[in-house]
Every structure is written in structure tokens, then in C-alpha cells.
file data.txt (compact mmCIF, N, CA and C atoms)
# COMPACT_ATOMS: atom_id res chain seq x y z
N MET S 1 -2.61 17.33 -11.23
CA MET S 1 -3.56 16.37 -10.70
C MET S 1 -3.51 16.37 -9.19
N LYS S 2 -4.64 16.48 -8.57
CA LYS S 2 -4.71 16.44 -7.12
C LYS S 2 -4.70 14.99 -6.63
N ILE S 3 -4.38 14.85 -5.37
CA ILE S 3 -4.42 13.52 -4.76
C ILE S 3 -5.87 13.08 -4.66
N SER S 4 -6.13 11.85 -5.06
CA SER S 4 -7.47 11.29 -4.89
C SER S 4 -7.33 9.82 -4.53
N SER S 5 -8.37 9.29 -3.96
CA SER S 5 -8.34 7.87 -3.60
C SER S 5 -9.73 7.27 -3.77
N GLU S 6 -9.75 5.97 -3.92
CA GLU S 6 -10.99 5.22 -4.06
C GLU S 6 -10.91 4.00 -3.17
N ILE S 7 -12.05 3.56 -2.66
CA ILE S 7 -12.10 2.35 -1.86
C ILE S 7 -13.29 1.52 -2.34
N PHE S 8 -13.07 0.23 -2.43
CA PHE S 8 -14.09 -0.69 -2.91
C PHE S 8 -14.25 -1.81 -1.89
N PHE S 9 -15.48 -2.08 -1.48
CA PHE S 9 -15.79 -3.17 -0.57
C PHE S 9 -16.56 -4.23 -1.35
N PRO S 10 -15.98 -5.41 -1.56
CA PRO S 10 -16.67 -6.44 -2.34
C PRO S 10 -17.95 -6.91 -1.64
N GLU S 11 -18.98 -7.12 -2.44
CA GLU S 11 -20.27 -7.55 -1.90
C GLU S 11 -20.52 -9.04 -2.07
N GLN S 12 -19.88 -9.67 -3.06
CA GLN S 12 -20.09 -11.09 -3.28
C GLN S 12 -19.47 -11.88 -2.14
N SER S 13 -20.22 -12.82 -1.58
CA SER S 13 -19.77 -13.54 -0.39
C SER S 13 -18.50 -14.34 -0.65
N PHE S 14 -18.33 -14.88 -1.84
CA PHE S 14 -17.13 -15.68 -2.09
C PHE S 14 -15.88 -14.80 -2.17
N ILE S 15 -16.02 -13.51 -2.46
CA ILE S 15 -14.87 -12.61 -2.50
C ILE S 15 -14.64 -11.97 -1.13
N ASN S 16 -15.70 -11.48 -0.49
CA ASN S 16 -15.50 -10.75 0.76
C ASN S 16 -15.08 -11.64 1.92
N GLN S 17 -15.09 -12.97 1.72
CA GLN S 17 -14.53 -13.85 2.74
C GLN S 17 -13.00 -13.75 2.75
N LEU S 18 -12.41 -13.35 1.63
CA LEU S 18 -10.96 -13.23 1.53
C LEU S 18 -10.47 -11.79 1.44
N VAL S 19 -11.27 -10.90 0.82
CA VAL S 19 -10.86 -9.53 0.57
C VAL S 19 -11.72 -8.58 1.38
N LYS S 20 -11.09 -7.85 2.28
CA LYS S 20 -11.83 -6.88 3.10
C LYS S 20 -12.15 -5.63 2.29
N CYS S 21 -11.16 -5.10 1.56
CA CYS S 21 -11.38 -3.93 0.72
C CYS S 21 -10.23 -3.79 -0.27
N VAL S 22 -10.48 -2.99 -1.30
CA VAL S 22 -9.45 -2.61 -2.26
C VAL S 22 -9.37 -1.10 -2.20
N TRP S 23 -8.18 -0.59 -1.97
CA TRP S 23 -7.97 0.84 -1.81
C TRP S 23 -6.95 1.29 -2.83
N ARG S 24 -7.21 2.40 -3.51
CA ARG S 24 -6.33 2.90 -4.56
C ARG S 24 -6.13 4.39 -4.35
N ILE S 25 -4.89 4.84 -4.54
CA ILE S 25 -4.59 6.26 -4.41
C ILE S 25 -3.91 6.74 -5.69
N TYR S 26 -4.25 7.95 -6.11
CA TYR S 26 -3.66 8.59 -7.28
C TYR S 26 -2.92 9.84 -6.81
N ASP S 27 -1.69 10.01 -7.28
CA ASP S 27 -0.93 11.22 -6.99
C ASP S 27 0.23 11.28 -7.96
N GLN S 28 0.49 12.45 -8.52
CA GLN S 28 1.60 12.58 -9.45
C GLN S 28 2.88 13.02 -8.76
N ASP S 29 2.77 13.78 -7.69
CA ASP S 29 3.96 14.30 -7.01
C ASP S 29 4.26 13.45 -5.79
N THR S 30 4.86 12.28 -6.02
CA THR S 30 5.14 11.37 -4.91
C THR S 30 6.57 11.47 -4.40
N ALA S 31 7.40 12.28 -5.04
CA ALA S 31 8.81 12.35 -4.67
C ALA S 31 9.01 12.81 -3.23
N LYS S 32 8.13 13.66 -2.74
CA LYS S 32 8.29 14.22 -1.40
C LYS S 32 7.39 13.56 -0.37
N ARG S 33 6.68 12.52 -0.76
CA ARG S 33 5.71 11.89 0.13
C ARG S 33 6.38 10.86 1.02
N CYS S 34 5.92 10.80 2.24
CA CYS S 34 6.35 9.77 3.17
C CYS S 34 5.08 9.18 3.77
N GLU S 35 4.87 7.90 3.56
CA GLU S 35 3.68 7.24 4.10
C GLU S 35 4.10 6.20 5.12
N THR S 36 3.27 6.04 6.11
CA THR S 36 3.49 5.05 7.15
C THR S 36 2.31 4.09 7.14
N ILE S 37 2.60 2.80 7.07
CA ILE S 37 1.55 1.78 7.13
C ILE S 37 1.37 1.41 8.59
N LEU S 38 0.19 1.69 9.11
CA LEU S 38 -0.09 1.41 10.52
C LEU S 38 -0.54 -0.04 10.71
N PRO S 39 -0.20 -0.65 11.83
CA PRO S 39 -0.63 -2.03 12.06
C PRO S 39 -2.15 -2.10 12.22
N LYS S 40 -2.80 -2.97 11.42
CA LYS S 40 -4.26 -3.10 11.44
C LYS S 40 -4.71 -4.52 11.76
N GLY S 41 -3.76 -5.44 11.90
CA GLY S 41 -4.13 -6.82 12.17
C GLY S 41 -4.54 -7.60 10.93
N ASN S 42 -4.24 -7.06 9.75
CA ASN S 42 -4.58 -7.72 8.48
C ASN S 42 -3.32 -7.92 7.65
N ALA S 43 -3.29 -8.97 6.86
CA ALA S 43 -2.26 -9.10 5.84
C ALA S 43 -2.72 -8.29 4.64
N GLU S 44 -1.77 -7.70 3.92
CA GLU S 44 -2.11 -6.85 2.78
C GLU S 44 -1.29 -7.26 1.56
N ILE S 45 -1.87 -7.13 0.40
CA ILE S 45 -1.13 -7.27 -0.86
C ILE S 45 -1.07 -5.87 -1.46
N ILE S 46 0.13 -5.38 -1.70
CA ILE S 46 0.32 -4.03 -2.22
C ILE S 46 0.82 -4.12 -3.65
N PHE S 47 0.12 -3.47 -4.58
CA PHE S 47 0.51 -3.43 -5.99
C PHE S 47 1.07 -2.05 -6.29
N ASN S 48 2.30 -2.00 -6.75
CA ASN S 48 2.95 -0.76 -7.13
C ASN S 48 2.69 -0.55 -8.62
N MET S 49 1.76 0.33 -8.97
CA MET S 49 1.35 0.52 -10.36
C MET S 49 2.06 1.69 -11.04
N CYS S 50 3.09 2.23 -10.41
CA CYS S 50 3.81 3.35 -11.02
C CYS S 50 5.30 3.00 -11.09
N GLY S 51 6.11 4.00 -11.22
CA GLY S 51 7.55 3.80 -11.35
C GLY S 51 8.20 3.42 -10.03
N ASN S 52 9.42 3.87 -9.87
CA ASN S 52 10.17 3.53 -8.68
C ASN S 52 9.66 4.26 -7.45
N ILE S 53 9.37 3.51 -6.42
CA ILE S 53 9.01 4.06 -5.12
C ILE S 53 10.06 3.56 -4.15
N PHE S 54 10.62 4.46 -3.40
CA PHE S 54 11.67 4.10 -2.46
C PHE S 54 11.11 3.98 -1.05
N TYR S 55 11.64 3.06 -0.29
CA TYR S 55 11.25 2.93 1.10
C TYR S 55 12.50 2.74 1.96
N ARG S 56 12.35 3.11 3.21
CA ARG S 56 13.46 3.04 4.15
C ARG S 56 13.33 1.78 4.98
N ASN S 57 14.36 0.97 4.98
CA ASN S 57 14.41 -0.22 5.82
C ASN S 57 15.12 0.18 7.10
N THR S 58 14.35 0.38 8.17
CA THR S 58 14.92 0.88 9.41
C THR S 58 15.80 -0.15 10.11
N THR S 59 15.55 -1.44 9.86
CA THR S 59 16.37 -2.48 10.47
C THR S 59 17.77 -2.48 9.87
N GLU S 60 17.84 -2.42 8.54
CA GLU S 60 19.14 -2.44 7.86
C GLU S 60 19.69 -1.05 7.61
N LYS S 61 18.88 -0.02 7.90
CA LYS S 61 19.26 1.38 7.68
C LYS S 61 19.66 1.62 6.21
N THR S 62 18.83 1.12 5.31
CA THR S 62 19.06 1.29 3.88
C THR S 62 17.81 1.84 3.22
N ILE S 63 17.96 2.35 2.01
CA ILE S 63 16.83 2.79 1.20
C ILE S 63 16.75 1.84 0.01
N ASN S 64 15.57 1.26 -0.23
CA ASN S 64 15.38 0.27 -1.28
C ASN S 64 14.26 0.69 -2.21
N ILE S 65 14.21 0.08 -3.38
CA ILE S 65 13.11 0.30 -4.32
C ILE S 65 11.99 -0.67 -3.98
N PHE S 66 10.78 -0.15 -3.83
CA PHE S 66 9.62 -0.98 -3.51
C PHE S 66 9.29 -1.88 -4.70
N PRO S 67 9.02 -3.17 -4.47
CA PRO S 67 8.75 -4.08 -5.60
C PRO S 67 7.40 -3.80 -6.26
N ARG S 68 7.16 -4.40 -7.41
CA ARG S 68 5.89 -4.23 -8.13
C ARG S 68 4.73 -4.81 -7.35
N VAL S 69 4.95 -5.92 -6.63
CA VAL S 69 3.92 -6.54 -5.80
C VAL S 69 4.59 -6.96 -4.50
N ALA S 70 3.91 -6.68 -3.39
CA ALA S 70 4.46 -7.07 -2.09
C ALA S 70 3.34 -7.57 -1.19
N ILE S 71 3.65 -8.60 -0.44
CA ILE S 71 2.70 -9.06 0.59
C ILE S 71 3.20 -8.50 1.92
N ASN S 72 2.37 -7.65 2.50
CA ASN S 72 2.69 -7.02 3.78
C ASN S 72 1.95 -7.82 4.84
N GLY S 73 2.67 -8.64 5.57
CA GLY S 73 2.04 -9.48 6.58
C GLY S 73 1.47 -8.66 7.72
N ILE S 74 1.11 -9.32 8.78
CA ILE S 74 0.53 -8.66 9.93
C ILE S 74 1.64 -7.92 10.66
N ASN S 75 1.52 -6.59 10.72
CA ASN S 75 2.53 -5.75 11.37
C ASN S 75 2.25 -5.61 12.84
N SER S 76 3.33 -5.54 13.62
CA SER S 76 3.20 -5.26 15.05
C SER S 76 3.67 -3.84 15.37
N ALA S 77 4.23 -3.17 14.36
CA ALA S 77 4.69 -1.79 14.54
C ALA S 77 4.50 -1.06 13.21
N PRO S 78 4.44 0.27 13.21
CA PRO S 78 4.30 1.00 11.95
C PRO S 78 5.44 0.68 10.99
N PHE S 79 5.11 0.64 9.70
CA PHE S 79 6.07 0.37 8.63
C PHE S 79 6.23 1.64 7.83
N ILE S 80 7.43 2.20 7.77
CA ILE S 80 7.67 3.46 7.07
C ILE S 80 8.28 3.18 5.72
call {"tool": "encode", "arguments": {"input": "data.txt", "output": "C-alpha cells"}}
result
Amino acid sequence: MKISSEIFFPEQSFINQLVKCVWRIYDQDTAKRCETILPKGNAEIIFNMCGNIFYRNTTEKTINIFPRVAINGINSAPFI
């Protein structure tokens, strides 16, 4: 399976006042992937719909398992 992604922009006014977009990515070979979340000035809710995803906590210098749901607040620096 190749990497693919989808993006959805809600059109209903009662939803788009709270949700800017919904973005989804599909990939089977995630073991070697490293993604960086760039600061965009938005709070994000991230849903982990697959198995264990590991992330590096640069402050504590540890590697942790990403939770099933996470609220990513407004970042001032890239999040790896």
C-alpha cells in the first residue's frame, strides 16, 4: 500500500466555526517514518488509529508510545 492522505473541510457553519479541517494519512510502513509537527497557531486533536507509534520527548530525552487520542496545543516550536 502506498502512502495516501485525505483532507476534509467542513462546510456547515456550526462545524467550521470549531473545525478548520480533518486530515487523514494512510501508510503501512511507519516503522522508519519520522514526522515533525510544525507550529501553525492552531490547537489540534490527534487520533492514533493504528498500533503503537513512538515519539521522542526531547525535553526528557525519552522515547514514549503515542496515546490513542492527544490534544496538541498551540506549538511555539516544531514537535518531533
call {"tool": "atom_distance", "arguments": {"input": "data.txt", "atom1": "atom C of Ile46 in chain S", "atom2": "CA of Ser13 in chain S"}}
result
22.9 Å
call {"tool": "residues_around", "arguments": {"input": "data.txt", "residues": "Phe79 in chain S", "least_positions_apart": "6", "cutoff": "8 Å", "atoms": "all atoms listed in the file", "output": "PyMOL selection string"}}
result
chain S and resi 35-39+56
call {"tool": "axis_aligned_box", "arguments": {"input": "data.txt", "around": "range 21-40 of chain S", "padding_each_side": "8 Å", "output": "lines of an AutoDock Vina configuration file"}}
result
center_x = -1.2
center_y = 4.6
center_z = 1.4
size_x = 36.4
size_y = 35.4
size_z = 37.7
call {"tool": "atom_distance", "arguments": {"input": "data.txt", "atom1": "CA of Gln17 in chain S", "atom2": "CA of Val69 in chain S"}}
result
21.6 Å
call {"tool": "atom_distance", "arguments": {"input": "data.txt", "atom1": "atom C of Phe66 in chain S", "atom2": "atom N of Val22 in chain S"}}
result
20.1 Å
call {"tool": "residues_around", "arguments": {"input": "data.txt", "residues": "Gly41 in chain S", "least_positions_apart": "5", "cutoff": "7 Å", "atoms": "only N, CA and C atoms", "output": "list in words"}}
result
Gly73, Ile74 and Asn75 of chain S
call {"tool": "select_by_dssp", "arguments": {"input": "data.txt", "residues": "chain S", "states": "strand (DSSP E)", "output": "PDB file with N, CA and C atoms, in the frame of the given file"}}
result
ATOM      1  N   SER S   4      -6.130  11.850  -5.060  1.00  0.00           N
ATOM      2  CA  SER S   4      -7.470  11.290  -4.890  1.00  0.00           C
ATOM      3  C   SER S   4      -7.330   9.820  -4.530  1.00  0.00           C
ATOM      4  N   SER S   5      -8.370   9.290  -3.960  1.00  0.00           N
ATOM      5  CA  SER S   5      -8.340   7.870  -3.600  1.00  0.00           C
ATOM      6  C   SER S   5      -9.730   7.270  -3.770  1.00  0.00           C
ATOM      7  N   GLU S   6      -9.750   5.970  -3.920  1.00  0.00           N
ATOM      8  CA  GLU S   6     -10.990   5.220  -4.060  1.00  0.00           C
ATOM      9  C   GLU S   6     -10.910   4.000  -3.170  1.00  0.00           C
ATOM     10  N   ILE S   7     -12.050   3.560  -2.660  1.00  0.00           N
ATOM     11  CA  ILE S   7     -12.100   2.350  -1.860  1.00  0.00           C
ATOM     12  C   ILE S   7     -13.290   1.520  -2.340  1.00  0.00           C
ATOM     13  N   PHE S   8     -13.070   0.230  -2.430  1.00  0.00           N
ATOM     14  CA  PHE S   8     -14.090  -0.690  -2.910  1.00  0.00           C
ATOM     15  C   PHE S   8     -14.250  -1.810  -1.890  1.00  0.00           C
ATOM     16  N   VAL S  22     -10.480  -2.990  -1.300  1.00  0.00           N
ATOM     17  CA  VAL S  22      -9.450  -2.610  -2.260  1.00  0.00           C
ATOM     18  C   VAL S  22      -9.370  -1.100  -2.200  1.00  0.00           C
ATOM     19  N   TRP S  23      -8.180  -0.590  -1.970  1.00  0.00           N
ATOM     20  CA  TRP S  23      -7.970   0.840  -1.810  1.00  0.00           C
ATOM     21  C   TRP S  23      -6.950   1.290  -2.830  1.00  0.00           C
ATOM     22  N   ARG S  24      -7.210   2.400  -3.510  1.00  0.00           N
ATOM     23  CA  ARG S  24      -6.330   2.900  -4.560  1.00  0.00           C
ATOM     24  C   ARG S  24      -6.130   4.390  -4.350  1.00  0.00           C
ATOM     25  N   ILE S  25      -4.890   4.840  -4.540  1.00  0.00           N
ATOM     26  CA  ILE S  25      -4.590   6.260  -4.410  1.00  0.00           C
ATOM     27  C   ILE S  25      -3.910   6.740  -5.690  1.00  0.00           C
ATOM     28  N   TYR S  26      -4.250   7.950  -6.110  1.00  0.00           N
ATOM     29  CA  TYR S  26      -3.660   8.590  -7.280  1.00  0.00           C
ATOM     30  C   TYR S  26      -2.920   9.840  -6.810  1.00  0.00           C
ATOM     31  N   GLU S  44      -1.770  -7.700   3.920  1.00  0.00           N
ATOM     32  CA  GLU S  44      -2.110  -6.850   2.780  1.00  0.00           C
ATOM     33  C   GLU S  44      -1.290  -7.260   1.560  1.00  0.00           C
ATOM     34  N   ILE S  45      -1.870  -7.130   0.400  1.00  0.00           N
ATOM     35  CA  ILE S  45      -1.130  -7.270  -0.860  1.00  0.00           C
ATOM     36  C   ILE S  45      -1.070  -5.870  -1.460  1.00  0.00           C
ATOM     37  N   ILE S  46       0.130  -5.380  -1.700  1.00  0.00           N
ATOM     38  CA  ILE S  46       0.320  -4.030  -2.220  1.00  0.00           C
ATOM     39  C   ILE S  46       0.820  -4.120  -3.650  1.00  0.00           C
ATOM     40  N   PHE S  47       0.120  -3.470  -4.580  1.00  0.00           N
ATOM     41  CA  PHE S  47       0.510  -3.430  -5.990  1.00  0.00           C
ATOM     42  C   PHE S  47       1.070  -2.050  -6.290  1.00  0.00           C
ATOM     43  N   PHE S  54      10.620   4.460  -3.400  1.00  0.00           N
ATOM     44  CA  PHE S  54      11.670   4.100  -2.460  1.00  0.00           C
ATOM     45  C   PHE S  54      11.110   3.980  -1.050  1.00  0.00           C
ATOM     46  N   TYR S  55      11.640   3.060  -0.290  1.00  0.00           N
ATOM     47  CA  TYR S  55      11.250   2.930   1.100  1.00  0.00           C
ATOM     48  C   TYR S  55      12.500   2.740   1.960  1.00  0.00           C
ATOM     49  N   ARG S  56      12.350   3.110   3.210  1.00  0.00           N
ATOM     50  CA  ARG S  56      13.460   3.040   4.150  1.00  0.00           C
ATOM     51  C   ARG S  56      13.330   1.780   4.980  1.00  0.00           C
ATOM     52  N   ASN S  57      14.360   0.970   4.980  1.00  0.00           N
ATOM     53  CA  ASN S  57      14.410  -0.220   5.820  1.00  0.00           C
ATOM     54  C   ASN S  57      15.120   0.180   7.100  1.00  0.00           C
ATOM     55  N   THR S  62      18.830   1.120   5.310  1.00  0.00           N
ATOM     56  CA  THR S  62      19.060   1.290   3.880  1.00  0.00           C
ATOM     57  C   THR S  62      17.810   1.840   3.220  1.00  0.00           C
ATOM     58  N   ILE S  63      17.960   2.350   2.010  1.00  0.00           N
ATOM     59  CA  ILE S  63      16.830   2.790   1.200  1.00  0.00           C
ATOM     60  C   ILE S  63      16.750   1.840   0.010  1.00  0.00           C
ATOM     61  N   ASN S  64      15.570   1.260  -0.230  1.00  0.00           N
ATOM     62  CA  ASN S  64      15.380   0.270  -1.280  1.00  0.00           C
ATOM     63  C   ASN S  64      14.260   0.690  -2.210  1.00  0.00           C
ATOM     64  N   ILE S  65      14.210   0.080  -3.380  1.00  0.00           N
ATOM     65  CA  ILE S  65      13.110   0.300  -4.320  1.00  0.00           C
ATOM     66  C   ILE S  65      11.990  -0.670  -3.980  1.00  0.00           C
ATOM     67  N   VAL S  69       4.950  -5.920  -6.630  1.00  0.00           N
ATOM     68  CA  VAL S  69       3.920  -6.540  -5.800  1.00  0.00           C
ATOM     69  C   VAL S  69       4.590  -6.960  -4.500  1.00  0.00           C
ATOM     70  N   ALA S  70       3.910  -6.680  -3.390  1.00  0.00           N
ATOM     71  CA  ALA S  70       4.460  -7.070  -2.090  1.00  0.00           C
ATOM     72  C   ALA S  70       3.340  -7.570  -1.190  1.00  0.00           C
ATOM     73  N   ILE S  71       3.650  -8.600  -0.440  1.00  0.00           N
ATOM     74  CA  ILE S  71       2.700  -9.060   0.590  1.00  0.00           C
ATOM     75  C   ILE S  71       3.200  -8.500   1.920  1.00  0.00           C
ATOM     76  N   ASN S  72       2.370  -7.650   2.500  1.00  0.00           N
ATOM     77  CA  ASN S  72       2.690  -7.020   3.780  1.00  0.00           C
ATOM     78  C   ASN S  72       1.950  -7.820   4.840  1.00  0.00           C
TER      79      ASN S  72
END
call {"tool": "residues_near_point", "arguments": {"input": "data.txt", "point": "(-10.1, 4.2, -6.3)", "cutoff": "8 Å", "atoms": "all atoms listed in the file", "output": "list in words"}}
result
Ser4, Ser5, Glu6, Ile7, Phe8, Val22, Trp23, Arg24, Ile25 and Tyr26 of chain S
call {"tool": "closest_residue", "arguments": {"input": "data.txt", "among": "S:Asn57, S:Ile45, S:Gly51, S:Leu18", "to": "Pro78 in chain S", "atoms": "only C-alpha atoms"}}
result
S:Asn57
call {"tool": "closest_residue", "arguments": {"input": "data.txt", "among": "S:Asp27, S:Lys61, S:Phe14, S:Val19", "to": "Glu44 in chain S", "atoms": "only C-alpha atoms"}}
result
S:Val19
call {"tool": "closest_residue", "arguments": {"input": "data.txt", "among": "S:Ile3, S:Phe9, S:Asn16, S:Arg68", "to": "Cys50 in chain S", "atoms": "all atoms listed in the file"}}
result
S:Arg68
call {"tool": "select_by_dssp", "arguments": {"input": "data.txt", "residues": "chain S", "states": "alpha helix (DSSP H)", "output": "list of chain:residue names"}}
result
S:Ser13, S:Phe14, S:Ile15, S:Asn16
call {"tool": "write_last_selection", "arguments": {"input": "data.txt", "atoms": "N, CA and C atoms", "output": "tab-separated table (two decimals), in the coordinates of the input"}}
result
chain	number	residue	atom	x	y	z
S	13	SER	N	-20.22	-12.82	-1.58
S	13	SER	CA	-19.77	-13.54	-0.39
S	13	SER	C	-18.50	-14.34	-0.65
S	14	PHE	N	-18.33	-14.88	-1.84
S	14	PHE	CA	-17.13	-15.68	-2.09
S	14	PHE	C	-15.88	-14.80	-2.17
S	15	ILE	N	-16.02	-13.51	-2.46
S	15	ILE	CA	-14.87	-12.61	-2.50
S	15	ILE	C	-14.64	-11.97	-1.13
S	16	ASN	N	-15.70	-11.48	-0.49
S	16	ASN	CA	-15.50	-10.75	0.76
S	16	ASN	C	-15.08	-11.64	1.92
call {"tool": "decode", "arguments": {"input": "data.txt", "residues": "range 36-57 of chain S", "atoms": "N, CA and C atoms", "output": "PDB file, in the first residue's frame"}}
result
ATOM      1  N   THR S  36       7.455  15.579  11.744  1.00  0.00           N
ATOM      2  CA  THR S  36       7.586  16.761  12.574  1.00  0.00           C
ATOM      3  C   THR S  36       6.318  17.581  12.429  1.00  0.00           C
ATOM      4  N   ILE S  37       5.706  17.944  13.554  1.00  0.00           N
ATOM      5  CA  ILE S  37       4.519  18.802  13.532  1.00  0.00           C
ATOM      6  C   ILE S  37       5.008  20.235  13.632  1.00  0.00           C
ATOM      7  N   LEU S  38       4.749  21.001  12.597  1.00  0.00           N
ATOM      8  CA  LEU S  38       5.199  22.395  12.567  1.00  0.00           C
ATOM      9  C   LEU S  38       4.196  23.301  13.269  1.00  0.00           C
ATOM     10  N   PRO S  39       4.667  24.357  13.923  1.00  0.00           N
ATOM     11  CA  PRO S  39       3.738  25.273  14.589  1.00  0.00           C
ATOM     12  C   PRO S  39       2.868  26.004  13.562  1.00  0.00           C
ATOM     13  N   LYS S  40       1.537  25.934  13.750  1.00  0.00           N
ATOM     14  CA  LYS S  40       0.601  26.560  12.809  1.00  0.00           C
ATOM     15  C   LYS S  40      -0.313  27.565  13.493  1.00  0.00           C
ATOM     16  N   GLY S  41      -0.201  27.696  14.806  1.00  0.00           N
ATOM     17  CA  GLY S  41      -1.065  28.618  15.519  1.00  0.00           C
ATOM     18  C   GLY S  41      -2.446  28.060  15.817  1.00  0.00           C
ATOM     19  N   ASN S  42      -2.614  26.745  15.670  1.00  0.00           N
ATOM     20  CA  ASN S  42      -3.899  26.080  15.934  1.00  0.00           C
ATOM     21  C   ASN S  42      -3.712  24.995  16.979  1.00  0.00           C
ATOM     22  N   ALA S  43      -4.742  24.746  17.761  1.00  0.00           N
ATOM     23  CA  ALA S  43      -4.767  23.558  18.608  1.00  0.00           C
ATOM     24  C   ALA S  43      -5.239  22.406  17.738  1.00  0.00           C
ATOM     25  N   GLU S  44      -4.722  21.208  17.999  1.00  0.00           N
ATOM     26  CA  GLU S  44      -5.067  20.043  17.185  1.00  0.00           C
ATOM     27  C   GLU S  44      -5.480  18.888  18.084  1.00  0.00           C
ATOM     28  N   ILE S  45      -6.399  18.083  17.615  1.00  0.00           N
ATOM     29  CA  ILE S  45      -6.728  16.814  18.260  1.00  0.00           C
ATOM     30  C   ILE S  45      -6.219  15.730  17.318  1.00  0.00           C
ATOM     31  N   ILE S  46      -5.356  14.874  17.826  1.00  0.00           N
ATOM     32  CA  ILE S  46      -4.744  13.829  17.011  1.00  0.00           C
ATOM     33  C   ILE S  46      -5.289  12.482  17.469  1.00  0.00           C
ATOM     34  N   PHE S  47      -5.845  11.708  16.534  1.00  0.00           N
ATOM     35  CA  PHE S  47      -6.373  10.373  16.814  1.00  0.00           C
ATOM     36  C   PHE S  47      -5.409   9.350  16.234  1.00  0.00           C
ATOM     37  N   ASN S  48      -4.886   8.485  17.074  1.00  0.00           N
ATOM     38  CA  ASN S  48      -3.994   7.414  16.656  1.00  0.00           C
ATOM     39  C   ASN S  48      -4.860   6.193  16.364  1.00  0.00           C
ATOM     40  N   MET S  49      -5.091   5.896  15.092  1.00  0.00           N
ATOM     41  CA  MET S  49      -6.000   4.821  14.699  1.00  0.00           C
ATOM     42  C   MET S  49      -5.273   3.514  14.389  1.00  0.00           C
ATOM     43  N   CYS S  50      -3.998   3.429  14.718  1.00  0.00           N
ATOM     44  CA  CYS S  50      -3.258   2.198  14.442  1.00  0.00           C
ATOM     45  C   CYS S  50      -2.605   1.712  15.732  1.00  0.00           C
ATOM     46  N   GLY S  51      -1.605   0.896  15.599  1.00  0.00           N
ATOM     47  CA  GLY S  51      -0.934   0.322  16.765  1.00  0.00           C
ATOM     48  C   GLY S  51      -0.038   1.326  17.454  1.00  0.00           C
ATOM     49  N   ASN S  52       1.049   0.817  17.987  1.00  0.00           N
ATOM     50  CA  ASN S  52       1.963   1.663  18.735  1.00  0.00           C
ATOM     51  C   ASN S  52       2.758   2.584  17.823  1.00  0.00           C
ATOM     52  N   ILE S  53       2.716   3.849  18.127  1.00  0.00           N
ATOM     53  CA  ILE S  53       3.534   4.848  17.456  1.00  0.00           C
ATOM     54  C   ILE S  53       4.420   5.459  18.530  1.00  0.00           C
ATOM     55  N   PHE S  54       5.693   5.514  18.260  1.00  0.00           N
ATOM     56  CA  PHE S  54       6.637   6.038  19.235  1.00  0.00           C
ATOM     57  C   PHE S  54       7.006   7.473  18.888  1.00  0.00           C
ATOM     58  N   TYR S  55       7.214   8.277  19.908  1.00  0.00           N
ATOM     59  CA  TYR S  55       7.674   9.635  19.692  1.00  0.00           C
ATOM     60  C   TYR S  55       8.791   9.954  20.675  1.00  0.00           C
ATOM     61  N   ARG S  56       9.605  10.907  20.285  1.00  0.00           N
ATOM     62  CA  ARG S  56      10.753  11.295  21.090  1.00  0.00           C
ATOM     63  C   ARG S  56      10.410  12.545  21.881  1.00  0.00           C
ATOM     64  N   ASN S  57      10.556  12.482  23.177  1.00  0.00           N
ATOM     65  CA  ASN S  57      10.365  13.637  24.039  1.00  0.00           C
ATOM     66  C   ASN S  57      11.735  14.278  24.220  1.00  0.00           C
TER      67      ASN S  57
END
